[in-house]
>>> print(open('upload.cif').read())   # mmCIF, C-alpha atoms and all ligand atoms
data_entry
loop_
_atom_site.label_atom_id
_atom_site.label_comp_id
_atom_site.auth_asym_id
_atom_site.auth_seq_id
_atom_site.Cartn_x
_atom_site.Cartn_y
_atom_site.Cartn_z
CA MET A 3 103.68 91.47 152.59
CA LEU A 4 104.50 88.43 150.48
CA ARG A 5 102.71 86.16 152.90
CA ARG A 6 99.60 88.30 152.80
CA LEU A 7 99.72 88.43 149.02
CA SER A 8 100.03 84.66 148.73
CA ARG A 9 97.11 84.27 151.13
CA TRP A 10 94.91 86.44 148.91
CA LEU A 11 96.14 84.66 145.84
CA GLY A 12 95.29 81.31 147.44
CA LEU A 13 91.82 82.47 148.36
CA THR A 14 91.18 83.81 144.86
CA LEU A 15 92.37 80.57 143.28
CA PHE A 16 90.19 78.59 145.67
CA VAL A 17 87.10 80.55 144.67
CA LEU A 18 87.97 80.30 140.96
CA LEU A 19 88.67 76.59 141.07
CA ALA A 20 85.43 75.97 142.96
CA GLY A 21 83.76 76.74 139.63
CA CYS A 22 85.47 73.79 137.96
CA ALA A 23 83.46 70.59 137.74
CA ASP A 24 83.86 67.35 135.86
CA HIS A 25 80.16 66.94 135.39
CA ALA A 26 78.76 70.31 134.36
CA PRO A 27 75.96 69.60 131.90
CA GLN A 28 75.41 73.27 131.06
CA ASP A 29 79.04 74.32 130.74
CA TYR A 30 79.17 76.68 127.74
CA LEU A 31 82.97 76.62 127.87
CA ARG A 32 82.87 73.05 126.57
CA PRO A 33 81.04 73.33 123.25
CA GLU A 34 79.89 70.06 121.68
CA GLY A 35 78.80 71.22 118.26
CA PRO A 36 80.08 73.44 115.43
CA ILE A 37 77.74 76.37 116.20
CA ALA A 38 78.72 76.53 119.86
CA ARG A 39 82.37 76.10 118.87
CA GLU A 40 82.31 79.12 116.58
CA ALA A 41 80.83 81.30 119.28
CA ASP A 42 83.46 79.89 121.62
CA HIS A 43 86.27 80.91 119.24
CA LEU A 44 85.10 84.51 119.29
CA PHE A 45 84.73 84.44 123.07
CA LYS A 46 88.22 83.03 123.60
CA ALA A 47 89.81 85.41 121.09
CA LEU A 48 88.34 88.34 123.01
CA LEU A 49 89.14 86.86 126.41
CA TYR A 50 92.80 86.06 125.71
CA GLY A 51 93.39 88.87 123.23
CA ALA A 52 91.71 91.74 125.06
CA VAL A 53 90.14 91.09 128.43
CA ILE A 54 93.09 89.39 130.16
CA PRO A 55 95.91 91.62 128.73
CA LEU A 56 93.92 94.78 129.49
CA ALA A 57 93.03 93.62 132.99
CA VAL A 58 96.66 92.72 133.72
CA LEU A 59 97.90 96.01 132.28
CA VAL A 60 95.42 98.29 134.02
CA GLU A 61 95.13 96.43 137.31
CA GLY A 62 98.86 95.73 137.40
CA TRP A 63 99.64 99.40 136.89
CA LEU A 64 97.21 100.31 139.65
CA VAL A 65 98.60 97.77 142.14
CA VAL A 66 102.23 98.71 141.42
CA SER A 67 101.57 102.44 141.85
CA VAL A 68 99.59 101.89 145.06
CA ILE A 69 102.46 99.87 146.52
CA ARG A 70 105.16 102.26 145.31
CA HIS A 71 103.47 105.40 146.58
CA ARG A 72 101.94 103.99 149.74
CA HIS A 73 103.98 106.24 152.06
CA ARG A 74 103.34 109.43 150.14
CA LYS A 75 101.23 112.06 151.90
CA GLY A 76 98.48 114.05 150.22
CA TYR A 77 97.09 113.50 146.72
CA ALA A 78 98.97 111.56 144.12
CA PRO A 79 100.63 113.70 141.47
CA ARG A 80 98.76 113.96 138.22
CA LEU A 81 99.99 111.44 135.71
CA ARG A 82 101.34 113.06 132.60
CA THR A 83 101.01 110.89 129.52
CA PRO A 84 102.84 112.19 126.46
CA ARG A 85 100.49 113.08 123.62
CA PRO A 86 101.66 110.38 121.13
CA ALA A 87 101.11 107.73 123.80
CA LYS A 88 97.61 109.07 124.40
CA LEU A 89 96.87 108.82 120.68
CA TRP A 90 98.06 105.24 120.52
CA LEU A 91 95.98 104.40 123.54
CA ILE A 92 92.95 105.45 121.52
CA ILE A 93 93.99 104.11 118.13
CA VAL A 94 95.01 100.59 119.15
CA PRO A 95 91.84 99.62 121.04
CA THR A 96 89.68 101.21 118.34
CA MET A 97 91.43 99.16 115.64
CA ALA A 98 91.12 96.04 117.75
CA LEU A 99 87.40 96.56 118.22
CA MET A 100 86.94 97.27 114.51
CA VAL A 101 88.62 93.98 113.63
CA VAL A 102 86.37 92.13 116.04
CA ASP A 103 83.23 93.92 114.87
CA LEU A 104 83.84 94.17 111.13
CA PHE A 105 85.68 90.93 110.50
CA PRO A 106 82.45 88.93 110.71
CA LEU A 107 81.03 91.05 107.89
CA ALA A 108 83.62 89.64 105.52
CA LYS A 109 82.23 87.24 102.97
CA GLU A 110 83.89 84.10 104.24
CA ALA A 111 83.64 85.10 107.88
CA PRO A 112 83.71 82.03 110.05
CA ILE A 113 81.94 83.61 112.98
CA ASN A 114 79.00 85.77 114.01
CA PHE A 115 77.22 86.51 110.76
CA ALA A 116 77.96 83.00 109.64
CA LEU A 117 75.91 81.83 112.61
CA ALA A 118 72.94 83.89 111.48
CA ARG A 119 72.96 82.45 107.95
CA GLU A 120 70.35 79.95 106.85
CA PRO A 121 72.28 76.67 106.74
CA GLU A 122 71.86 74.25 103.85
CA ASP A 123 70.11 70.93 104.36
CA ALA A 124 68.88 71.91 107.81
CA LEU A 125 66.18 70.10 109.70
CA GLN A 126 63.42 72.62 110.42
CA VAL A 127 61.87 72.64 113.89
CA ASP A 128 59.37 75.14 115.25
CA VAL A 129 59.92 76.00 118.90
CA TYR A 130 57.11 77.49 120.97
CA GLY A 131 57.75 78.95 124.40
CA HIS A 132 54.74 78.49 126.69
CA LEU A 133 54.26 79.36 130.34
CA TRP A 134 56.27 77.25 131.48
CA TRP A 135 57.29 74.54 129.03
CA TRP A 136 58.61 74.08 125.50
CA GLU A 137 56.73 72.77 122.50
CA PHE A 138 58.74 71.35 119.57
CA VAL A 139 56.98 70.89 116.24
CA TYR A 140 58.53 69.02 113.28
CA PRO A 141 56.43 70.47 110.45
CA GLU A 142 57.68 68.13 107.71
CA ALA A 143 56.92 65.04 109.78
CA ASP A 144 53.74 66.39 111.41
CA VAL A 145 55.08 65.51 114.85
CA SER A 146 55.04 67.54 118.03
CA THR A 147 56.57 66.90 121.42
CA ALA A 148 57.38 68.73 124.63
CA ASN A 149 60.50 69.72 126.52
CA GLU A 150 62.74 67.21 124.70
CA LEU A 151 64.08 68.44 121.39
CA HIS A 152 65.25 65.40 119.44
CA ILE A 153 67.80 66.08 116.73
CA PRO A 154 70.07 64.11 114.40
CA THR A 155 73.84 64.43 114.86
CA GLY A 156 76.02 66.08 112.23
CA ARG A 157 73.21 68.04 110.65
CA PRO A 158 72.27 71.66 111.38
CA VAL A 159 68.88 72.10 112.98
CA ARG A 160 67.18 75.38 112.17
CA LEU A 161 64.88 76.54 114.93
CA THR A 162 62.10 79.09 114.50
CA LEU A 163 61.22 80.43 117.93
CA ARG A 164 57.86 81.88 118.88
CA SER A 165 56.00 82.65 122.07
CA ILE A 166 52.33 81.64 122.25
CA GLU A 167 49.79 81.06 124.99
CA PRO A 168 46.81 79.15 123.58
CA GLY A 169 45.23 79.02 127.06
CA LEU A 170 44.58 82.75 127.00
CA PRO A 171 42.03 84.56 124.83
CA ALA A 172 43.48 85.36 121.41
CA PRO A 173 43.41 88.97 120.22
CA GLU A 174 41.29 89.70 117.17
CA GLY A 175 42.70 88.30 113.96
CA ALA A 176 45.32 86.18 115.72
CA GLU A 177 45.30 82.43 116.11
CA PHE A 178 46.72 82.48 119.64
CA ALA A 179 47.44 84.92 122.39
CA GLN A 180 51.07 85.95 122.42
CA GLY A 181 52.92 84.79 125.45
CA VAL A 182 55.75 86.48 127.27
CA MET A 183 59.43 86.67 126.49
CA HIS A 184 61.54 83.54 126.98
CA SER A 185 65.05 82.64 125.89
CA PHE A 186 66.05 79.33 124.37
CA TRP A 187 69.40 78.07 125.61
CA VAL A 188 71.27 74.79 125.29
CA PRO A 189 74.74 75.99 126.37
CA LYS A 190 76.79 73.17 124.85
CA LEU A 191 75.15 73.47 121.44
CA ALA A 192 74.55 77.20 120.84
CA GLY A 193 74.19 80.62 122.40
CA LYS A 194 70.93 82.02 123.70
CA THR A 195 68.19 83.31 121.45
CA ASP A 196 65.27 85.28 122.81
CA VAL A 197 61.76 84.05 122.16
CA VAL A 198 59.85 87.26 121.60
CA PRO A 199 56.05 87.66 121.46
CA GLY A 200 54.90 88.58 117.96
CA ARG A 201 58.18 87.61 116.33
CA ALA A 202 59.70 84.51 114.76
CA ASN A 203 63.36 84.47 115.74
CA LYS A 204 65.74 81.99 114.18
CA MET A 205 68.76 80.13 115.37
CA THR A 206 70.77 77.05 114.44
CA ILE A 207 71.96 74.27 116.71
CA GLU A 208 73.98 71.19 115.93
CA ALA A 209 75.50 68.36 117.95
CA ASP A 210 78.62 66.36 117.06
CA LYS A 211 77.74 63.25 119.01
CA PRO A 212 74.65 61.49 120.34
CA GLY A 213 73.76 62.51 123.87
CA THR A 214 71.45 64.54 126.06
CA TYR A 215 72.31 68.23 126.26
CA LEU A 216 70.54 70.11 129.00
CA GLY A 217 69.22 73.62 128.66
CA GLN A 218 66.76 76.04 130.14
CA CYS A 219 64.77 79.18 129.62
CA ALA A 220 67.24 82.01 130.11
CA GLU A 221 64.90 84.99 130.25
CA TYR A 222 62.87 85.63 133.37
CA CYS A 223 59.28 84.71 132.51
CA ASN A 224 57.47 84.99 135.80
CA LEU A 225 56.38 82.37 138.31
CA SER A 226 57.97 79.13 137.07
CA HIS A 227 60.81 80.51 134.99
CA ALA A 228 63.21 78.31 136.95
CA ASN A 229 61.05 75.28 136.07
CA MET A 230 61.21 75.84 132.34
CA ARG A 231 64.02 73.51 131.44
CA LEU A 232 64.63 71.40 128.38
CA ALA A 233 66.93 68.84 126.83
CA ALA A 234 68.24 68.48 123.31
CA VAL A 235 68.54 64.75 122.66
CA ALA A 236 70.89 64.00 119.76
CA HIS A 237 70.71 60.68 117.88
CA GLU A 238 72.62 59.10 115.01
CA PRO A 239 70.64 60.02 111.86
CA ALA A 240 69.10 56.54 111.49
CA ASP A 241 68.05 56.50 115.14
CA PHE A 242 66.57 59.95 114.74
CA GLU A 243 64.44 58.76 111.81
CA ALA A 244 63.28 55.83 113.93
CA TRP A 245 62.34 58.20 116.74
CA LEU A 246 60.42 60.43 114.34
CA ASN A 247 58.59 57.42 112.93
CA ALA A 248 57.63 56.18 116.37
CA GLN A 249 56.34 59.63 117.30
CA ARG A 250 54.04 59.55 114.27
CA GLN A 251 52.12 56.52 115.49
CA PRO A 252 48.67 57.21 116.97
CA VAL A 253 47.75 55.81 120.38
CA ALA A 254 45.73 52.63 120.74
CA LYS A 255 42.60 52.73 122.87
CA PRO A 256 43.00 50.35 125.83
CA ASP A 257 40.21 47.72 125.96
CA THR A 258 40.20 46.50 129.53
CA GLY A 259 41.37 47.16 133.07
CA PRO A 260 42.21 50.41 134.85
CA ALA A 261 43.78 51.87 131.68
CA ALA A 262 40.43 51.56 129.86
CA GLU A 263 38.72 53.30 132.78
CA GLY A 264 41.45 55.94 132.70
CA TYR A 265 40.81 56.46 128.99
CA LYS A 266 37.17 57.22 129.77
CA ILE A 267 38.15 59.78 132.41
CA PHE A 268 40.79 61.27 130.09
CA THR A 269 38.29 61.79 127.29
CA GLY A 270 35.41 62.64 129.62
CA LYS A 271 35.13 64.13 133.06
CA GLY A 272 38.88 64.65 133.44
CA GLY A 273 38.58 67.47 130.91
CA CYS A 274 42.02 66.62 129.51
CA LEU A 275 40.98 67.14 125.87
CA ALA A 276 40.45 70.85 126.49
CA CYS A 277 44.21 71.32 126.69
CA HIS A 278 46.09 68.31 125.29
CA THR A 279 46.68 66.79 121.88
CA VAL A 280 46.70 63.01 121.66
CA VAL A 281 46.97 61.66 118.12
CA GLY A 282 44.42 58.88 117.73
CA ILE A 283 41.85 60.36 120.11
CA GLU A 284 39.18 62.31 118.31
CA GLY A 285 38.92 65.93 119.41
CA ALA A 286 42.22 65.88 121.30
CA GLU A 287 43.95 68.64 119.37
CA ALA A 288 44.47 71.50 121.83
CA ARG A 289 47.88 73.05 122.38
CA VAL A 290 47.36 74.64 125.78
CA GLY A 291 49.39 71.87 127.42
CA PRO A 292 51.92 69.43 125.96
CA ASN A 293 51.09 66.86 123.29
CA LEU A 294 50.70 63.63 125.27
CA THR A 295 50.66 61.12 122.39
CA HIS A 296 54.03 59.66 123.39
CA LEU A 297 54.31 61.06 126.89
CA LYS A 298 56.12 58.01 128.22
CA SER A 299 58.82 58.22 125.56
CA ARG A 300 60.14 61.29 127.41
CA ALA A 301 62.56 61.08 130.30
CA ARG A 302 61.00 63.99 132.17
CA PHE A 303 57.85 66.08 132.23
CA GLY A 304 56.53 69.34 133.67
CA GLY A 305 59.11 71.52 131.89
CA TYR A 306 61.74 68.75 132.02
CA VAL A 307 61.74 68.98 135.80
CA PHE A 308 60.24 65.68 137.04
CA ASP A 309 61.32 62.12 136.30
CA ASN A 310 58.63 60.51 134.18
CA THR A 311 57.53 57.86 136.72
CA ALA A 312 53.99 56.68 137.43
CA GLU A 313 54.34 58.00 140.97
CA ASN A 314 55.31 61.50 139.82
CA LEU A 315 52.58 61.53 137.17
CA ARG A 316 50.03 60.66 139.86
CA SER A 317 51.17 63.50 142.13
CA TRP A 318 51.12 65.82 139.16
CA VAL A 319 47.56 65.04 138.08
CA ASP A 320 46.46 65.12 141.71
CA ASP A 321 47.73 68.65 142.40
CA PRO A 322 49.95 70.13 139.66
CA SER A 323 50.51 73.48 141.34
CA ALA A 324 51.84 71.76 144.46
CA MET A 325 54.67 70.29 142.36
CA LYS A 326 55.37 73.36 140.27
CA PRO A 327 54.11 76.88 140.90
CA MET A 328 51.58 77.79 138.16
CA ARG A 329 48.46 79.90 137.92
CA PRO A 330 45.75 77.75 136.35
CA GLU A 331 43.12 80.23 137.57
CA ASP A 332 44.71 82.78 135.23
CA GLY A 333 44.91 80.36 132.31
CA THR A 334 48.55 79.40 132.78
CA GLY A 335 49.39 75.91 133.94
CA MET A 336 47.48 72.74 134.60
CA PRO A 337 44.50 72.86 136.95
CA ASP A 338 43.63 70.35 139.66
CA GLN A 339 40.76 68.30 138.20
CA GLY A 340 39.50 67.09 141.56
CA LEU A 341 39.73 63.37 140.76
CA SER A 342 39.23 60.67 143.40
CA GLU A 343 42.06 58.36 144.49
CA GLU A 344 40.68 55.56 142.31
CA GLU A 345 40.28 57.85 139.32
CA LEU A 346 43.86 59.04 139.75
CA ASP A 347 45.11 55.45 139.65
CA GLN A 348 43.06 54.81 136.51
CA ILE A 349 44.17 57.90 134.67
CA VAL A 350 47.82 57.18 135.47
CA ALA A 351 47.29 53.59 134.22
CA PHE A 352 46.12 55.11 130.94
CA LEU A 353 48.97 57.65 130.77
CA GLU A 354 51.41 54.78 131.28
CA THR A 355 50.19 53.27 127.99
CA LEU A 356 51.27 56.37 126.03
CA LYS A 357 54.66 54.94 125.09
CU1 LIG B 1 60.45 81.00 130.03
CU2 LIG B 1 61.92 81.95 131.65
#
>>> encode(input="upload.cif", output="structure tokens")
Amino acid sequence: MLRRLSRWLGLTLFVLLAGCADHAPQDYLRPEGPIAREADHLFKALLYGAVIPLAVLVEGWLVVSVIRHRHRKGYAPRLRTPRPAKLWLIIVPTMALMVVDLFPLAKEAPINFALAREPEDALQVDVYGHLWWWEFVYPEADVSTANELHIPTGRPVRLTLRSIEPGLPAPEGAEFAQGVMHSFWVPKLAGKTDVVPGRANKMTIEADKPGTYLGQCAEYCNLSHANMRLAAVAHEPADFEAWLNAQRQPVAKPDTGPAAEGYKIFTGKGGCLACHTVVGIEGAEARVGPNLTHLKSRARFGGYVFDNTAENLRSWVDDPSAMKPMRPEDGTGMPDQGLSEEELDQIVAFLETLK
């Protein structure tokens, strides 16, 4: 009996411990900012205060009675709980739930409703969920980027989340077609917030220390949902300002060599201007695909999936849907532009100049 029990216990522990990892970039149990920490406090209070005691009590009771009555024949006798005990069994959990639910309504509540409040001195960033990548717009700085959300440390960042699909026909009176539902999630910095078509949802994130915090779309959004990742990149405030400044610079037109040829293809037969913004190139203002002005300043592309190397960029432009499932024929995702080998080399040479 004891041996069998210890075997089961060992197996359970093995499975549980298999979930432990030193390097778990999306481990929400290790919050690295005040917002995530507050949510974590509530989670741990509930886990240790309610879930574990209740599980031990109920499951323990069950196991003990199964063992004690294992030789009994027929149905188990009906358990008779005295009425006062029954009452307490209702009153205590109800009170506990009320504390958990109503406590956040208190004026100085540290959790829940505090998270929903508009923080003071927040950096405002507009987040747009596209099929299947993220657009981040810094309205005060007139900067936009893709898949990498850069933020300063020690300052709340207020996100306004929307879903748009500029590649699809817009309904009457609207600027863009509404996209589908996504969910913005950087586990170490904050909980999930849904990105809902036709709505502007808000959330706050904040990081204690500089670093790269990985995240992903957490609401199934069709074909490449799994390829809709992102990173929040936190900088010291001065470094963040420097990043913002660099992102504001327009691109320079290359004069000679393959990059100059690539520029011609980019602005001409490549058809790139129909979808991409590049500050400094006239007419390149579309938001169907990511803003490419400082493409090479990003570590990854394609929904933060591929390392930003010349080789990967070449494969991408050559046949995007082969790298990541998309449906360009339906207006979602980048189409294959049918460029020759030489043209591919030239366009990548130009893309490599977009530092
Ligand atoms: Cu966007 Cu899943």
>>> residues_near_ligand(input="upload.cif", ligand="ligand LIG 1 (chain B)", cutoff="7 Å", atoms="all atoms listed in the file", output="PDB file with C-alpha atoms, in the coordinates of the input")
ATOM      1  CA  GLY A 131      57.750  78.950 124.400  1.00  0.00           C
ATOM      2  CA  LEU A 133      54.260  79.360 130.340  1.00  0.00           C
ATOM      3  CA  TRP A 134      56.270  77.250 131.480  1.00  0.00           C
ATOM      4  CA  MET A 183      59.430  86.670 126.490  1.00  0.00           C
ATOM      5  CA  HIS A 184      61.540  83.540 126.980  1.00  0.00           C
ATOM      6  CA  SER A 185      65.050  82.640 125.890  1.00  0.00           C
ATOM      7  CA  CYS A 219      64.770  79.180 129.620  1.00  0.00           C
ATOM      8  CA  ALA A 220      67.240  82.010 130.110  1.00  0.00           C
ATOM      9  CA  GLU A 221      64.900  84.990 130.250  1.00  0.00           C
ATOM     10  CA  TYR A 222      62.870  85.630 133.370  1.00  0.00           C
ATOM     11  CA  CYS A 223      59.280  84.710 132.510  1.00  0.00           C
ATOM     12  CA  ASN A 224      57.470  84.990 135.800  1.00  0.00           C
ATOM     13  CA  HIS A 227      60.810  80.510 134.990  1.00  0.00           C
ATOM     14  CA  ALA A 228      63.210  78.310 136.950  1.00  0.00           C
ATOM     15  CA  MET A 230      61.210  75.840 132.340  1.00  0.00           C
TER      16      MET A 230
END
>>> closest_residue(input="upload.cif", among="A:Thr195, A:Glu137, A:Ala262, A:Pro212", to="A:Ile153", atoms="only C-alpha atoms")
A:Pro212
>>> residues_around(input="upload.cif", residues="stretch 250-256 of chain A", least_positions_apart="2", cutoff="12 Å", atoms="only C-alpha atoms", output="ChimeraX atom specification")
/A:139-147,243-248,258-266,268-269,279-284,286,293-298,348-349,351-357
>>> closest_residue(input="upload.cif", among="A:Pro189, A:Arg39, A:Val350, A:Pro330", to="A:Asn310", atoms="all atoms listed in the file")
A:Val350
>>> atom_distance(input="upload.cif", atom1="atom CA of A:Ala192", atom2="atom CA of A:Pro33")
7.9 Å
>>> atom_distance(input="upload.cif", atom1="atom CA of A:His71", atom2="atom CA of A:Val53")
26.7 Å
>>> atom_distance(input="upload.cif", atom1="atom CA of A:Asp332", atom2="atom CA of A:Ala312")
27.8 Å
>>> closest_residue(input="upload.cif", among="A:Pro36, A:Pro168, A:Gly335, A:Pro121", to="A:Glu287", atoms="all atoms listed in the file")
A:Pro168
